[in-house]
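One structure is given below, encoded as structure tokens.
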Amino acid sequence: MNSELKYEILRHYLLGSITNEQQQLLDQWLQEDPANQKEFDLLCSHWNTPEPPAYILNQEEIKHELWDKLSDDHHLLDQSRWSFYKMLKVAAVLFVIAISSYVVASMLKSPDQQDEQVSSVVTKSNVPGRKSTINLLDGTQVVLNADSEIQFHEQFNDTARIVWLSGEAYFDVAHNPNLPFYVLTDNIEVQVLGTTFNIRNYPEISDIRVSLSSGKLSVRSKEDEGGVSKYLDPGQQVSFKKTTEEFSKVEQFEPTEVQGWKDGIIYFEKAGFEEIVIRLERWYGVDIQATNTPIADISYTGHFEQENLDNVLTSIGFVLNFTHTINQKNIIVDFK
């Protein structure tokens with residue numbers, strides 16, 4: 001493994017963005033020589049040193065400059081000193097990465113926690129009953145669901161592209177291998193380079209769901225910084241339980257169920273009455289009240305495409321045995 005490839009793999013490992021292929025190469029490199037394991041351990045120990053001051057650096061320029069200067073002098077060292085020198089070189093490079101990573105970490109705070117030197121924050125939000133499409137300056141497109149909000153800096157810096165999400169959104173991220181794209185919620189951090197995926201994070205739902213359509217992404221808990229990231233391939237999703245702060249197993253998903261909302265499809269899968277009410281109120285921007293409650297537990301499975309609320313309630317009511325009346329934005333549901 002050449003030095004540049006090794007550096008890139010180690011960098012992705014420490015930043016939590018290593019791919020399965022890179023992990024295999026790293027494991028192979030560690031097994032080739034005990035000195036490699038020592039070098040790796042030194043890297044990890046430096047990574048966990050106290051945080052340096054936060055100021056913005058161009059990570060790639062400084063990394064290459066430092067790497068070149070250190071490499072120019074290695075021929076002056078004898079073989080016995082070279083192994084130790086290699087470790088110092090990697091540690092020095094890692095220090096640069098740590099500074100830049102701290103910059104990213106400071107930016108991963110919520111917008112109101114950042115200092116005034118950061119560019120102004122843009123907020124885009126939708127009320128219940130409304131969806132919108134937002135085009136970011138880097139070419140990324142965000143489809144924002146009803147009762148949802150995103151925040152992002154007016155100008156991305158040269159370290160990372162960061163968006164904060166509350167609610168649900170579908171992201172089509174412009175590919176840029178040198179500028180990772182982060183989506184943050186209160187509980188998790190999603191990192192991608194260029195990908196299409198859906199995140200659902202509504203306050204009344206006990207889990208955050210991340211579903212990948214194309215590309216590749218990693219998901220990790222914001223609280224468990226030393227934890228293992230979850231990696232998704234296209235067609236896979238993972239959920240994060242807010243109460244236990246644990247991830248589910250990675251699983252396949254039905255595209256219509258997960259992301260049909262952006263195409264006007266509302267999908268129910270064994271939904272109870274409370275879930276039905278919450279989703280219809282958000283979807284149509286109405287208030288739904290029940291004059292009495294169902295006698296037994298009920299559930300409903302079905303989907304509607306570009307359908308008006310009256311027809312939706314009529315269809316669901318036929319299955320769940322209720323009638324309804326509509327008075328502008330106020331809906332009365334009466335179970336028989």
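Here, A, B, ... name the chains of the structure tokens in the order displayed, residue numbers run from 1 inside each chain, and ligands are numbered from 1 in the same displayed order.
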
Strand (DSSP E) residues, from DSSP on the backbone, in region 145-249 of chain A, as a VMD selection string: chain A and resid 149 to 153 161 to 172 181 to 184 188 to 192 196 to 201 207 to 214 217 to 221 230 to 232 236 to 241 246 to 247

field: Glu251 (chain A) environment, 7 Å, only C-alpha atoms, sequence neighbours closer than 2 positions dropped, as a list in words
entry: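 Selected residues are Gln236, Gln237, Val238, Lys249 and Phe253 of chain A.
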
Go ahead and dump the residues you just picked, all heavy atoms, as a JSON list (two decimals), in the first residue's frame.
[["chain", "number", "residue", "atom", "x", "y", "z"],
["A", 236, "GLN", "N", -31.06, 0.09, 1.30],
["A", 236, "GLN", "CA", -31.01, -0.26, 2.72],
["A", 236, "GLN", "C", -31.39, 0.94, 3.59],
["A", 236, "GLN", "O", -31.24, 2.09, 3.19],
["A", 236, "GLN", "CB", -29.60, -0.73, 3.11],
["A", 236, "GLN", "CG", -29.18, -2.03, 2.48],
["A", 236, "GLN", "CD", -27.80, -2.48, 2.93],
["A", 236, "GLN", "OE1", -26.96, -1.67, 3.31],
["A", 236, "GLN", "NE2", -27.56, -3.78, 2.91],
["A", 237, "GLN", "N", -31.86, 0.63, 4.79],
["A", 237, "GLN", "CA", -32.19, 1.68, 5.75],
["A", 237, "GLN", "C", -31.83, 1.21, 7.16],
["A", 237, "GLN", "O", -31.65, 0.01, 7.41],
["A", 237, "GLN", "CB", -33.67, 2.07, 5.70],
["A", 237, "GLN", "CG", -34.63, 1.00, 6.19],
["A", 237, "GLN", "CD", -36.08, 1.46, 6.15],
["A", 237, "GLN", "OE1", -36.42, 2.50, 5.61],
["A", 237, "GLN", "NE2", -36.96, 0.67, 6.73],
["A", 238, "VAL", "N", -31.72, 2.18, 8.07],
["A", 238, "VAL", "CA", -31.47, 1.88, 9.46],
["A", 238, "VAL", "C", -32.25, 2.87, 10.30],
["A", 238, "VAL", "O", -32.49, 4.01, 9.88],
["A", 238, "VAL", "CB", -29.95, 1.96, 9.78],
["A", 238, "VAL", "CG1", -29.44, 3.40, 9.70],
["A", 238, "VAL", "CG2", -29.63, 1.35, 11.14],
["A", 249, "LYS", "N", -30.97, -3.09, 13.16],
["A", 249, "LYS", "CA", -30.20, -3.76, 12.13],
["A", 249, "LYS", "C", -30.46, -3.07, 10.79],
["A", 249, "LYS", "O", -31.54, -2.53, 10.54],
["A", 249, "LYS", "CB", -30.61, -5.23, 12.03],
["A", 249, "LYS", "CG", -30.22, -6.07, 13.24],
["A", 249, "LYS", "CD", -30.60, -7.52, 13.04],
["A", 249, "LYS", "CE", -30.18, -8.37, 14.23],
["A", 249, "LYS", "NZ", -30.56, -9.80, 14.05],
["A", 253, "PHE", "N", -35.80, -1.76, 2.30],
["A", 253, "PHE", "CA", -37.03, -1.00, 2.47],
["A", 253, "PHE", "C", -37.80, -0.92, 1.16],
["A", 253, "PHE", "O", -37.25, -1.12, 0.07],
["A", 253, "PHE", "CB", -36.75, 0.41, 3.02],
["A", 253, "PHE", "CG", -36.04, 1.32, 2.04],
["A", 253, "PHE", "CD1", -36.75, 2.15, 1.18],
["A", 253, "PHE", "CD2", -34.65, 1.37, 1.99],
["A", 253, "PHE", "CE1", -36.10, 2.99, 0.29],
["A", 253, "PHE", "CE2", -33.98, 2.21, 1.11],
["A", 253, "PHE", "CZ", -34.71, 3.02, 0.26]]

Closest of A:Phe304, A:Tyr7, A:Phe335, A:Phe156 to Gly260 (chain A) - atom-to-atom distances counting only C-alpha atoms: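 The answer is A:Phe304, which sits nearest to Gly260 (chain A).
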
statement: One decimal place gives the CA of Pro128 (chain A)-CA of Glu168 (chain A) separation as 12.0 Å

query: What separation in Å, quoted to one decimal, exists between CA of Asn187 (chain A) and CA of Val250 (chain A)?
result: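 These atoms are spaced 17.7 Å apart.
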
Which polymer residues have any atom within 12 Å of an atom of Ile326 (chain A), counting only C-alpha atoms, with same-chain residues fewer than 4 positions away left out, as a short mmCIF file (atom, residue, chain, number, x, y, z; two decimals) with all heavy atoms, in the first residue's frame?
data_model
loop_
_atom_site.label_atom_id
_atom_site.label_comp_id
_atom_site.auth_asym_id
_atom_site.auth_seq_id
_atom_site.Cartn_x
_atom_site.Cartn_y
_atom_site.Cartn_z
N VAL A 286 -54.71 20.11 8.44
CA VAL A 286 -56.04 20.20 9.05
C VAL A 286 -55.97 19.77 10.51
O VAL A 286 -54.92 19.32 10.99
CB VAL A 286 -57.05 19.30 8.30
CG1 VAL A 286 -57.23 19.77 6.86
CG2 VAL A 286 -56.61 17.83 8.33
N ASP A 287 -57.09 19.90 11.21
CA ASP A 287 -57.22 19.43 12.59
C ASP A 287 -58.31 18.36 12.63
O ASP A 287 -59.44 18.59 12.18
CB ASP A 287 -57.60 20.58 13.53
CG ASP A 287 -57.75 20.13 14.96
OD1 ASP A 287 -56.74 19.78 15.59
OD2 ASP A 287 -58.90 20.10 15.45
N ILE A 288 -57.98 17.18 13.15
CA ILE A 288 -58.90 16.06 13.18
C ILE A 288 -59.24 15.71 14.62
O ILE A 288 -58.34 15.50 15.44
CB ILE A 288 -58.31 14.83 12.46
CG1 ILE A 288 -58.01 15.16 10.99
CG2 ILE A 288 -59.25 13.63 12.54
CD1 ILE A 288 -57.33 14.04 10.24
N GLN A 289 -60.54 15.66 14.92
CA GLN A 289 -61.02 15.28 16.24
C GLN A 289 -61.97 14.09 16.11
O GLN A 289 -62.74 14.00 15.16
CB GLN A 289 -61.75 16.45 16.91
CG GLN A 289 -60.89 17.68 17.12
CD GLN A 289 -59.79 17.46 18.14
OE1 GLN A 289 -59.95 16.68 19.07
NE2 GLN A 289 -58.68 18.17 17.97
N ASN A 308 -57.59 13.72 -2.70
CA ASN A 308 -58.08 14.74 -1.77
C ASN A 308 -58.48 14.09 -0.45
O ASN A 308 -58.75 12.87 -0.37
CB ASN A 308 -59.24 15.53 -2.38
CG ASN A 308 -60.49 14.69 -2.62
OD1 ASN A 308 -61.05 14.11 -1.71
ND2 ASN A 308 -60.91 14.60 -3.89
N LEU A 309 -58.57 14.92 0.60
CA LEU A 309 -58.77 14.41 1.95
C LEU A 309 -60.11 13.72 2.10
O LEU A 309 -60.22 12.69 2.79
CB LEU A 309 -58.65 15.56 2.96
CG LEU A 309 -58.87 15.20 4.43
CD1 LEU A 309 -57.89 14.13 4.89
CD2 LEU A 309 -58.75 16.45 5.30
N ASP A 310 -61.14 14.22 1.48
CA ASP A 310 -62.47 13.62 1.61
C ASP A 310 -62.44 12.17 1.13
O ASP A 310 -62.97 11.27 1.80
CB ASP A 310 -63.48 14.44 0.81
CG ASP A 310 -64.91 13.99 1.04
OD1 ASP A 310 -65.22 13.50 2.16
OD2 ASP A 310 -65.73 14.09 0.12
N ASN A 311 -61.83 11.93 -0.02
CA ASN A 311 -61.75 10.57 -0.54
C ASN A 311 -60.89 9.66 0.33
O ASN A 311 -61.20 8.47 0.50
CB ASN A 311 -61.21 10.58 -1.97
CG ASN A 311 -62.18 11.18 -2.96
OD1 ASN A 311 -63.38 11.29 -2.68
ND2 ASN A 311 -61.68 11.58 -4.12
N LEU A 313 -60.40 9.93 3.63
CA LEU A 313 -61.15 9.61 4.84
C LEU A 313 -62.29 8.65 4.55
O LEU A 313 -62.60 7.77 5.38
CB LEU A 313 -61.68 10.89 5.48
CG LEU A 313 -60.64 11.76 6.19
CD1 LEU A 313 -61.24 13.09 6.59
CD2 LEU A 313 -60.05 11.05 7.40
N THR A 314 -62.92 8.79 3.42
CA THR A 314 -64.01 7.87 3.05
C THR A 314 -63.49 6.45 2.92
O THR A 314 -64.09 5.49 3.41
CB THR A 314 -64.67 8.32 1.74
OG1 THR A 314 -65.23 9.62 1.91
CG2 THR A 314 -65.77 7.35 1.32
N ASN A 330 -61.32 21.89 9.82
CA ASN A 330 -61.69 21.10 10.98
C ASN A 330 -62.44 19.84 10.53
O ASN A 330 -63.44 19.91 9.81
CB ASN A 330 -62.56 21.92 11.94
CG ASN A 330 -61.82 23.14 12.45
OD1 ASN A 330 -60.73 23.02 13.01
ND2 ASN A 330 -62.41 24.30 12.27
N ILE A 331 -61.95 18.67 11.01
CA ILE A 331 -62.52 17.39 10.62
C ILE A 331 -63.03 16.69 11.87
O ILE A 331 -62.33 16.61 12.88
CB ILE A 331 -61.47 16.49 9.94
CG1 ILE A 331 -60.64 17.27 8.91
CG2 ILE A 331 -62.13 15.25 9.34
CD1 ILE A 331 -61.45 17.82 7.76
N ILE A 332 -64.27 16.17 11.80
CA ILE A 332 -64.85 15.37 12.87
C ILE A 332 -64.98 13.93 12.38
O ILE A 332 -65.60 13.69 11.34
CB ILE A 332 -66.22 15.90 13.34
CG1 ILE A 332 -66.11 17.35 13.79
CG2 ILE A 332 -66.78 15.02 14.44
CD1 ILE A 332 -65.23 17.55 15.00
N VAL A 333 -64.41 13.00 13.15
CA VAL A 333 -64.48 11.57 12.82
C VAL A 333 -65.36 10.90 13.86
O VAL A 333 -65.17 11.08 15.06
CB VAL A 333 -63.09 10.93 12.80
CG1 VAL A 333 -63.17 9.42 12.71
CG2 VAL A 333 -62.25 11.49 11.66
N ASP A 334 -66.35 10.11 13.40
CA ASP A 334 -67.31 9.47 14.29
C ASP A 334 -67.30 7.97 14.06
O ASP A 334 -67.73 7.49 13.00
CB ASP A 334 -68.71 10.04 14.06
CG ASP A 334 -69.72 9.48 15.04
OD1 ASP A 334 -69.30 8.93 16.08
OD2 ASP A 334 -70.93 9.57 14.76
#

Residue among A:Phe247, A:Gly194, A:Val121, A:Gly264 lying closest to Val228 (chain A), counting only C-alpha atoms: A:Phe247

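DSSP secondary structure from the backbone places Pro255, Thr256, Glu257, Val258, Gln259, Gly260, Trp261, Lys262, Asp263, Phe273, Glu274, Glu275, Ile276, Val277, Ile278, Arg279, Leu280, Glu281, Arg282, Trp283 and Tyr284 of chain A of region 223-293 of chain A in helix (DSSP H, G or I).
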
File of the preceding selection, N, CA and C atoms, as a PDB file, in the first residue's frame:
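Result went into part-v3.pdb, see below:
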ATOM      1  N   PRO A 255     -39.441   1.361  -1.457  1.00  0.00           N
ATOM      2  CA  PRO A 255     -39.291   2.764  -1.846  1.00  0.00           C
ATOM      3  C   PRO A 255     -40.572   3.583  -1.759  1.00  0.00           C
ATOM      4  N   THR A 256     -41.706   3.021  -2.190  1.00  0.00           N
ATOM      5  CA  THR A 256     -42.956   3.782  -2.157  1.00  0.00           C
ATOM      6  C   THR A 256     -43.337   4.151  -0.733  1.00  0.00           C
ATOM      7  N   GLU A 257     -43.121   3.226   0.194  1.00  0.00           N
ATOM      8  CA  GLU A 257     -43.472   3.479   1.590  1.00  0.00           C
ATOM      9  C   GLU A 257     -42.615   4.590   2.187  1.00  0.00           C
ATOM     10  N   VAL A 258     -41.325   4.588   1.869  1.00  0.00           N
ATOM     11  CA  VAL A 258     -40.383   5.493   2.516  1.00  0.00           C
ATOM     12  C   VAL A 258     -40.351   6.870   1.868  1.00  0.00           C
ATOM     13  N   GLN A 259     -40.286   6.928   0.534  1.00  0.00           N
ATOM     14  CA  GLN A 259     -40.064   8.209  -0.130  1.00  0.00           C
ATOM     15  C   GLN A 259     -41.161   8.587  -1.118  1.00  0.00           C
ATOM     16  N   GLY A 260     -42.276   7.830  -1.082  1.00  0.00           N
ATOM     17  CA  GLY A 260     -43.387   8.168  -1.961  1.00  0.00           C
ATOM     18  C   GLY A 260     -44.001   9.521  -1.655  1.00  0.00           C
ATOM     19  N   TRP A 261     -43.798  10.017  -0.433  1.00  0.00           N
ATOM     20  CA  TRP A 261     -44.393  11.296  -0.030  1.00  0.00           C
ATOM     21  C   TRP A 261     -43.971  12.436  -0.945  1.00  0.00           C
ATOM     22  N   LYS A 262     -42.728  12.380  -1.454  1.00  0.00           N
ATOM     23  CA  LYS A 262     -42.253  13.484  -2.303  1.00  0.00           C
ATOM     24  C   LYS A 262     -42.935  13.494  -3.664  1.00  0.00           C
ATOM     25  N   ASP A 263     -43.579  12.362  -4.019  1.00  0.00           N
ATOM     26  CA  ASP A 263     -44.317  12.263  -5.280  1.00  0.00           C
ATOM     27  C   ASP A 263     -45.825  12.302  -5.061  1.00  0.00           C
ATOM     28  N   PHE A 273     -54.874   4.308  14.680  1.00  0.00           N
ATOM     29  CA  PHE A 273     -55.664   5.516  14.434  1.00  0.00           C
ATOM     30  C   PHE A 273     -54.888   6.783  14.793  1.00  0.00           C
ATOM     31  N   GLU A 274     -54.127   6.751  15.877  1.00  0.00           N
ATOM     32  CA  GLU A 274     -53.368   7.940  16.277  1.00  0.00           C
ATOM     33  C   GLU A 274     -52.352   8.326  15.202  1.00  0.00           C
ATOM     34  N   GLU A 275     -51.652   7.322  14.651  1.00  0.00           N
ATOM     35  CA  GLU A 275     -50.687   7.601  13.586  1.00  0.00           C
ATOM     36  C   GLU A 275     -51.387   8.146  12.343  1.00  0.00           C
ATOM     37  N   ILE A 276     -52.546   7.586  12.014  1.00  0.00           N
ATOM     38  CA  ILE A 276     -53.307   8.054  10.853  1.00  0.00           C
ATOM     39  C   ILE A 276     -53.663   9.527  11.014  1.00  0.00           C
ATOM     40  N   VAL A 277     -54.145   9.895  12.203  1.00  0.00           N
ATOM     41  CA  VAL A 277     -54.539  11.280  12.461  1.00  0.00           C
ATOM     42  C   VAL A 277     -53.346  12.218  12.320  1.00  0.00           C
ATOM     43  N   ILE A 278     -52.229  11.869  12.955  1.00  0.00           N
ATOM     44  CA  ILE A 278     -51.041  12.733  12.913  1.00  0.00           C
ATOM     45  C   ILE A 278     -50.570  12.947  11.478  1.00  0.00           C
ATOM     46  N   ARG A 279     -50.537  11.883  10.695  1.00  0.00           N
ATOM     47  CA  ARG A 279     -50.016  11.991   9.339  1.00  0.00           C
ATOM     48  C   ARG A 279     -50.980  12.751   8.425  1.00  0.00           C
ATOM     49  N   LEU A 280     -52.290  12.546   8.602  1.00  0.00           N
ATOM     50  CA  LEU A 280     -53.248  13.288   7.781  1.00  0.00           C
ATOM     51  C   LEU A 280     -53.262  14.765   8.145  1.00  0.00           C
ATOM     52  N   GLU A 281     -53.136  15.082   9.420  1.00  0.00           N
ATOM     53  CA  GLU A 281     -53.081  16.490   9.835  1.00  0.00           C
ATOM     54  C   GLU A 281     -51.863  17.172   9.231  1.00  0.00           C
ATOM     55  N   ARG A 282     -50.730  16.495   9.249  1.00  0.00           N
ATOM     56  CA  ARG A 282     -49.511  17.066   8.693  1.00  0.00           C
ATOM     57  C   ARG A 282     -49.613  17.176   7.168  1.00  0.00           C
ATOM     58  N   TRP A 283     -50.153  16.145   6.529  1.00  0.00           N
ATOM     59  CA  TRP A 283     -50.205  16.079   5.065  1.00  0.00           C
ATOM     60  C   TRP A 283     -51.124  17.142   4.489  1.00  0.00           C
ATOM     61  N   TYR A 284     -52.307  17.315   5.107  1.00  0.00           N
ATOM     62  CA  TYR A 284     -53.313  18.214   4.550  1.00  0.00           C
ATOM     63  C   TYR A 284     -53.436  19.537   5.299  1.00  0.00           C
TER      64      TYR A 284
END

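Minimum atom-to-atom distances from A:Thr123, A:Thr133, A:Asn201, A:Ser221 to Val163 (chain A) were compared using only C-alpha atoms, and the lowest value belongs to A:Thr123.
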
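Candidate residues A:Lys131, A:Arg11, A:Lys124, A:His175 were compared for distance to His153 (chain A), and the nearest is A:Lys124, using only C-alpha atoms.
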
- prompt: Smallest atom-to-atom distance to Asp138 (chain A): which of A:Leu212, A:Phe152, A:Ser120, A:Arg161, using only C-alpha atoms?
  reply: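 Checking each of A:Leu212, A:Phe152, A:Ser120, A:Arg161 against Asp138 (chain A), counting only C-alpha atoms, the winner is A:Arg161.
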